[in-house]
Structures are given as structure tokens and as C-alpha cells.
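Engineer: First the structure, which I've put down as C-alpha cells, then a few questions once you've had a look.
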Amino acid sequence: MALPLSNGTAQVLLCGEFTLSTSTKDRYSVRLTSTELQVQKTGQTRLLLQLLDCIGCRAFKGEDSSDAGAYFSAYFYPFKKRWMSSGAVRQRVVQTFRVEVSQDPLENLKEAEKWAQAIRDSSIQQLPKQEVAIPDWDQYTTLPCLKEEELQQDGDVYPSVLRIPQINQSLRRASTESITLRAWPLLVLVNPHSGTGHAPQLFHSHVQDMLTEAGAQYTLLVTERQNHAHELLREADLSQWDALVILSGDGLLFEVVNGLMERADWEDAVRKPLGILPGGSGNAVAASVNHYSGSQALSSEELLLSCTFLLCKGLVSPLDLASVTTASGQRHFSFLSVAWGFVSDVDIESEKYRRVGAARFTVGTLMRLASLRVYRGRLAYLPAQELPAPGLAEGCPDLPGRASLRCLPSESHSAPHTLYNSSNSNNSGKAPSPGVQGPADTLLAPLDQPVPAHWTVVKEERFVLVLAVYQSHLSQDLLAAPKATLGDGLLHLFYVRAGISRAALLRLFLAMEKGTHLELRCPHLSYMPVRAFRLEPCTPKGVITVDGEAVEYGPIQAQVHRGLGRLITG
Ligand SMILES: Nc1ncnc2c1ncn2[C@@H]1O[C@H](COP(=O)(O)OP(=O)(O)OP(=O)(O)O)[C@@H](O)[C@H]1O
């Protein structure tokens, strides 16, 4: 029988009449279309639940053995107005129906399973459209370096005309694959030391039920020490998981990425989709993922719920990684930032205030402002406009489009599994020794040689901070690069020259909370999108951080590898 169209566009897939689990008295007419679940009690307004907001659906028998009926529950997380404050946040809505189409309990369960399967399949089709931003360089202007005479020593007087960075993005779309749904095995890594030390509790109170609702099968691993995840991911058999999920700050993600990049099979390993859930202090990548999804800025448990929802939807996007090399030849793979000066000092010095959570950065900022330092060094970069947008890194041919992790073809997940990959062990039984792996840095000259002639060398040598960031957020409260998008192949390079007043610097950071710092037209602030940069500190002591982790202090350089990794986003 051909089913009618529901509203002129969406095809009605299933129709039925059920009671609610809570009351078997009233009957509800339920229709599943390709975009929504419609629920109506006779004579009442129709309730419409968007499948875009649905993370899963399951069928089950009643607890009472004398109950012949079966049930299905669908889990939705629509945006709802906040109670007592502005804005809307996702909130859980569960619809449970009782199915009794026959006297036979098995028949009823079959019918409930048919509905649950159809709701799950249709929800997965309802992924947000896949969009990847490709910078249009004609529309892309940078904040120019000013001539010395344009600078005011106190930093509070700004020139009247300054070009502000703008990016007009042309959007390329790719279609979502759709293949039969299956349970998806995840490794969830939780850092009990991150943030205020409550990540394991957050997992149990907020995350695990949603993963179950989404049909995920997870292995939970609470890290026992620093570098535990790094060592594990360097050797683990990755074939048993569809994705690696990190409930922590950015530091544990850094361990995971670098563990994967130290494997002999790094090219495949780094393509394992990564999910990030905020359980740390800064939570920059989690805040960025929330931002890319179009949601308003959130923090704490609201951010966790939003990121868990996005994780459950399972949409995978390309993730740029920067290869960062230090003077001793160490190579780190970075997804977030390289910082020197004010930002890295605040990050590391505020470690002792960890117990106050994200507020540790505010305390650290105020303290460092009180004794503002100037750092001497040389900075050079390769402007992004110098090169066409780089192709994606070798080994990731099917991006930059986004695809649903939950629609990918089944891999074989043969049991039993150990955490370690036996094929990685040699005959002596020793773990393989880690080494520097990864794609060649074709844009960089060796650190002991001058930068290539076509690079731009910054004239100034006295800085308050140098910061390269490649996600929108530097922390959940700092929208540092509002135009940054996933897989844009750009390092967003900022530097603040010495001479800025404390008040002006504070204004910059306050404006950064809304992402409007470039609009302040501060003459001490420079910004440009680059593909590579080199920083050579002359100040003998200092802190350089990569993704918020302190690394060897001294000359350092980086180049972007577009779309080398993959991140689960919304
Ligand atoms: N079990 C553990 N015990 C101690 N340290 C750990 C453990 N597991 C991981 N770490 C380390 O804890 C440090 C802090 O973790 P992480 O960066 O994730 O949290 P955070 O600093 O609170 O958050 P953010 O980086 O977002 O500000 C990292 O250097 C990480 O390597």
C-alpha cells in the first residue's frame, strides 16, 4: 500500500496506533516520516519530533511477564529555551510507546523492533548537510602590520582606518553515505586528573546513558598516569573500535594524537575518528566542535551534553594537524595551538589553580597582567595566500566531505580482543620502539638554516605573545579564531607587539570572549592566516606550549597538514 505524503514533501514511512508506556487508556496516532516523528492524541495538537534531534531508538519487552505488549523508546535532544535565562540548549525528550497488534508477545516485539529500526535508520539519514569551508582569498584580508609611527606607545589610541579580517566562505557539499546501521564500538578514555578531577563522575552521570541510547558499545578506560593513553594508543589494536573518545581537556587528546602518530601504521591510525567530550579546564576543541555545529557558546554540563549529542550523531569531519618541530628534532602533532609568551605563561602558571576549573585562566590572566613581560625573538611565516589551498594529506582521499561514522560499512570486529595489537609485537615480545613518523614537512627548511626566501619575516622582535591557533576556540571562553573551520588548512597566527598597555591587552582578552578582538583595531595586534611559521625566542627562559602542553623551549617551527586526522563533529 502506498503511504501518503505527510506535508507535501516528507514521505510517511510508518503509521500506527499505540498507547503510551505510562497509560494504556489513551491511544495515540503515530506517524514516522523521513524527517520527523508525529504523535497525536485524538482531538489534540500534533507533537512533532525532528529526527535530526534523535540519537537512537530501542525496542523491548515489558517487565511484567503477563504483559503481551512490547515497547519502543525513541531518544530526542531538541533545543529548548533555558529555564530562567536566555538562549536554548538541548534537553532530553524520551517517547515510549506500547505496541499491541496481536495477542502474541513475539509479534508485538517484532512490530516494536520494526519501528525502532525505522526510527534509527531515518535519524541517521537526518544528518546536518555536509559543508566544508574553502577560503576565498579575494575576500580574505589580514590585519596588517603597522608602521612604527602608527603605533602609540600606550597602545590605547588606534588608527581610524584598519582593514579587519573577513572571510567569505564558499561552501562545498558532499553527500552523506547511507548504509545499514550497526552497533558501534568505542574506546572511551577518561582522565581523572583533568579539570577539577570529576571526569569519571561526569562519564557516569551524563555520558554513558546517551551512548547506550545511541546503541554504542564502549570500552571505558580511566587513565592511571600521564602518558598512559599515549603509550596505549601507540600499540593498541585499533581495529576493535570505530572511534576513540576522549573525556578530558585537550591534553589527553594531545597524548592520543601523538600516540597514534608514533605507530608504524600512523597513516591509517590517525584516520581513526576521534571524539572529544569536555572534562578539562580549557576544553578548546570541545568548545570549537560545539561552535562549528552552530550552537551558542556553552560551558560545563551544557557543553558536555551538546558534545555528547554530536558524538552520538557520529558525523566525521577532517581535522588539520600541524607538525611542530623543536630544536632537538622532536616532532609533535598538534590540533589546536602553539603559544609563546603571555598565553603559554598563563596556561602553565595557572596549573596550581586547577581546582577552580576554567576560572583558573582568569586568575592566571590577571596575575600575569599585573607583571606583564616582554619576550624577544624572531618570527617568520608563510602566508596562506602564497599557496593554493593545500590538498588533503596523503592517506585521506575521501575528505574534505564529512561522513557519518554510524553509516560506514562494517569492519570485522573479531573477538576476543586485547588492548594491544599482537601484530605489532616482534618475536622478542618487546613493544616496538616509538619513532618520529608522519608526512614530510615540505614547506619547512631545517631549523638550523634560514627560512625560505619567499617567507615573510616579522620586523618586530619584541612581543607580548605569539599564538598560532587552528580551531575556533582557545578555551571554552575564548573565541580566538572565529573564522576558523575544520579542515580549512590554515594556522591562524596572532602576535601582540611590546608596548601594548595592560588595559589594552585586557580589552583584547575580554573581546575574545565574544570573538570580537580583531574589531577593536588594536595596533599592537597582528593577525594573518598562514601555512607554516618559525619562532626563534631570544629571551633565554620561557615557556612554549603546544596544545596547552609545555614543550622544549627554543626555536620551533610548524606546518599544517590539512585533513590528516578526523574528528567527530556536528
Ligand atoms: N591519570 C592521569 N594522572 C595524571 N595526569 C594525567 C592522567 N591522564 C592524563 N594526564 C595528563 O593530565 C594533564 C591534564 O589533562 P588535560 O589537558 O586533558 O586536562 P586540563 O589541563 O584540565 O584541560 P585543558 O587542557 O583543556 O585545559 C595532561 O598533561 C595529561 O597528559
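All residue names refer to the C-alpha cells as shown: chains lettered A, B, ... in order, residues numbered from 1 in each chain, ligands numbered from 1 in order.
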Per residue of chain A within 6 Å of ligand 1, note the shortest atom pair and the distance in Å to one decimal, counting only C-alpha atoms and all ligand atoms, and order the rows by chain and increasing residue number, as a tab-separated table.

Structural biologist:
```
residue	atom	partner	partner_atom_place_in_ligand_line	distance
A:Asn191	CA	ligand 1	8 (N)	4.6
A:Pro192	CA	ligand 1	1 (N)	5.5
A:His193	CA	ligand 1	3 (N)	5.0
A:Ser194	CA	ligand 1	19 (O)	3.6
A:Gly195	CA	ligand 1	22 (O)	3.5
A:Thr223	CA	ligand 1	1 (N)	4.2
A:Glu224	CA	ligand 1	1 (N)	3.9
A:Arg225	CA	ligand 1	2 (C)	3.6
A:Gln226	CA	ligand 1	6 (C)	3.8
A:Asn227	CA	ligand 1	31 (O)	5.6
A:Ser248	CA	ligand 1	18 (O)	4.4
A:Gly249	CA	ligand 1	26 (O)	3.2
A:Asp250	CA	ligand 1	25 (O)	4.0
A:Gly251	CA	ligand 1	17 (O)	3.0
A:Leu252	CA	ligand 1	18 (O)	4.2
A:Gly280	CA	ligand 1	23 (O)	3.5
A:Ser281	CA	ligand 1	22 (O)	3.9
A:Gly282	CA	ligand 1	27 (O)	3.5
A:Asn283	CA	ligand 1	26 (O)	3.8
A:Ala284	CA	ligand 1	26 (O)	6.0
A:Gly548	CA	ligand 1	25 (O)	5.8
```

Engineer: What parts of range 198-354 of chain A does DSSP call strand (DSSP E)? I'd like the answer as a ChimeraX atom specification.

Structural biologist: /A:216-222,243-248,274-278,315-326,331-334,337-341

Engineer: Find the residues around Ile348 in chain A up to 12 Å (only C-alpha atoms counted), leave out those fewer than 5 positions away in its own chain, and share them as a PyMOL selection string.

Structural biologist: chain A and resi 339-343+353-354+360-361+364-365+368+542-551

Engineer: Find the residues near Ala380 in chain A: any atom within 7 Å, counting only C-alpha atoms, skip ones fewer than 4 places away on the same chain, and give them as a tab-separated table (two decimals) with N, CA and C atoms, in the first residue's frame.

Structural biologist:
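Okay, this is what ended up in out-v6.tsv:
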```tsv
chain	number	residue	atom	x	y	z
A	455	TRP	N	59.24	33.49	2.42
A	455	TRP	CA	58.51	33.66	3.69
A	455	TRP	C	58.54	35.14	4.09
A	456	THR	N	57.60	35.53	4.93
A	456	THR	CA	57.59	36.88	5.48
A	456	THR	C	58.29	36.86	6.83
A	457	VAL	N	59.24	37.76	6.99
A	457	VAL	CA	59.94	37.84	8.29
A	457	VAL	C	59.39	39.06	9.02
A	458	VAL	N	58.91	38.87	10.23
A	458	VAL	CA	58.32	39.97	11.00
A	458	VAL	C	59.44	40.90	11.47
A	533	PHE	N	55.06	28.45	10.05
A	533	PHE	CA	55.75	29.57	10.71
A	533	PHE	C	56.95	29.05	11.46
A	534	ARG	N	57.84	29.98	11.79
A	534	ARG	CA	59.00	29.66	12.64
A	534	ARG	C	59.14	30.74	13.71
A	535	LEU	N	59.42	30.29	14.92
A	535	LEU	CA	59.61	31.21	16.04
A	535	LEU	C	60.95	30.89	16.67
```

Engineer: Report, in Å to a single decimal, how far apart CA of Leu319 in chain A and CA of Ala243 in chain A are.

Structural biologist: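 So the answer is 14.1 Å.
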
Engineer: Residues near range 47-52 of chain A, anyone? I mean within 10 Å using only C-alpha atoms, not counting same-chain ones fewer than 5 positions away, as number ranges by chain.

Structural biologist: A: 30-41, 74-78, 93, 95, 119-128, 313

Engineer: So which residues touch range 203-208 of chain A within 12 Å, counting only C-alpha atoms, skipping near sequence neighbours fewer than 5 positions away, as a ChimeraX atom specification?

Structural biologist: /A:91-92,186,188-192,197-198,213-222,245-248,276-279,300-312

Engineer: Since we have the selection now, will you write its residues out, keeping C-alpha atoms, as a compact mmCIF listing (two decimals), in the first residue's frame?

Structural biologist:
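part.txt, written as the output of this step:
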```txt
# COMPACT_ATOMS: atom_id res chain seq x y z
CA GLN A 91 17.27 18.75 26.56
CA ARG A 92 16.34 15.08 26.67
CA LEU A 186 34.07 2.95 21.02
CA VAL A 188 36.33 5.98 25.84
CA LEU A 189 39.39 7.41 27.58
CA VAL A 190 38.77 9.40 30.74
CA ASN A 191 41.37 11.48 32.57
CA PRO A 192 40.65 11.59 36.32
CA GLY A 197 39.10 15.93 38.73
CA HIS A 198 35.49 14.89 38.08
CA GLU A 213 20.65 5.26 23.86
CA ALA A 214 22.69 5.70 20.66
CA GLY A 215 23.48 1.98 20.54
CA ALA A 216 27.21 2.44 21.17
CA GLN A 217 29.21 -0.33 22.82
CA TYR A 218 32.01 1.28 24.73
CA THR A 219 35.15 0.15 26.49
CA LEU A 220 35.88 2.58 29.33
CA LEU A 221 39.49 3.28 30.24
CA VAL A 222 40.32 5.67 33.07
CA VAL A 245 36.53 9.17 22.50
CA ILE A 246 38.35 11.43 24.96
CA LEU A 247 36.57 12.77 28.03
CA SER A 248 39.14 15.22 29.32
CA ILE A 276 36.13 14.89 22.31
CA LEU A 277 33.94 15.47 25.34
CA PRO A 278 34.74 18.35 27.71
CA GLY A 279 36.14 17.16 31.03
CA SER A 300 30.10 23.00 31.91
CA GLU A 301 27.40 20.38 31.72
CA GLU A 302 25.52 22.09 28.88
CA LEU A 303 28.66 21.88 26.74
CA LEU A 304 29.11 18.24 27.73
CA LEU A 305 25.54 17.42 26.73
CA SER A 306 25.91 19.21 23.39
CA CYS A 307 29.21 17.46 22.59
CA THR A 308 27.83 14.05 23.64
CA PHE A 309 24.82 14.63 21.37
CA LEU A 310 27.14 15.48 18.46
CA LEU A 311 29.26 12.42 19.23
CA CYS A 312 26.14 10.23 19.16
```

Engineer: Would you kindly return, as a PyMOL selection string, each protein, DNA or RNA residue with an atom no farther than 7 Å from any atom of Glu17 in chain A, considering only C-alpha atoms and excluding same-chain residues fewer than 3 positions away?

Structural biologist: chain A and resi 27-30

Engineer: Could the residues in this selection be written to a file with N, CA and C atoms, as a PDB file, in the first residue's frame?

Structural biologist:
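Contents of out.pdb, freshly written:
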```pdb
ATOM      1  N   ARG A  27      -5.193   6.348  23.330  1.00  0.00           N
ATOM      2  CA  ARG A  27      -4.480   5.860  22.146  1.00  0.00           C
ATOM      3  C   ARG A  27      -3.935   7.056  21.361  1.00  0.00           C
ATOM      4  N   TYR A  28      -2.765   6.852  20.807  1.00  0.00           N
ATOM      5  CA  TYR A  28      -2.073   7.912  20.057  1.00  0.00           C
ATOM      6  C   TYR A  28      -1.840   7.437  18.631  1.00  0.00           C
ATOM      7  N   SER A  29      -2.093   8.337  17.716  1.00  0.00           N
ATOM      8  CA  SER A  29      -1.773   8.034  16.321  1.00  0.00           C
ATOM      9  C   SER A  29      -0.323   8.481  16.102  1.00  0.00           C
ATOM     10  N   VAL A  30       0.517   7.577  15.637  1.00  0.00           N
ATOM     11  CA  VAL A  30       1.946   7.873  15.466  1.00  0.00           C
ATOM     12  C   VAL A  30       2.329   7.672  14.007  1.00  0.00           C
TER      13      VAL A  30
END
```
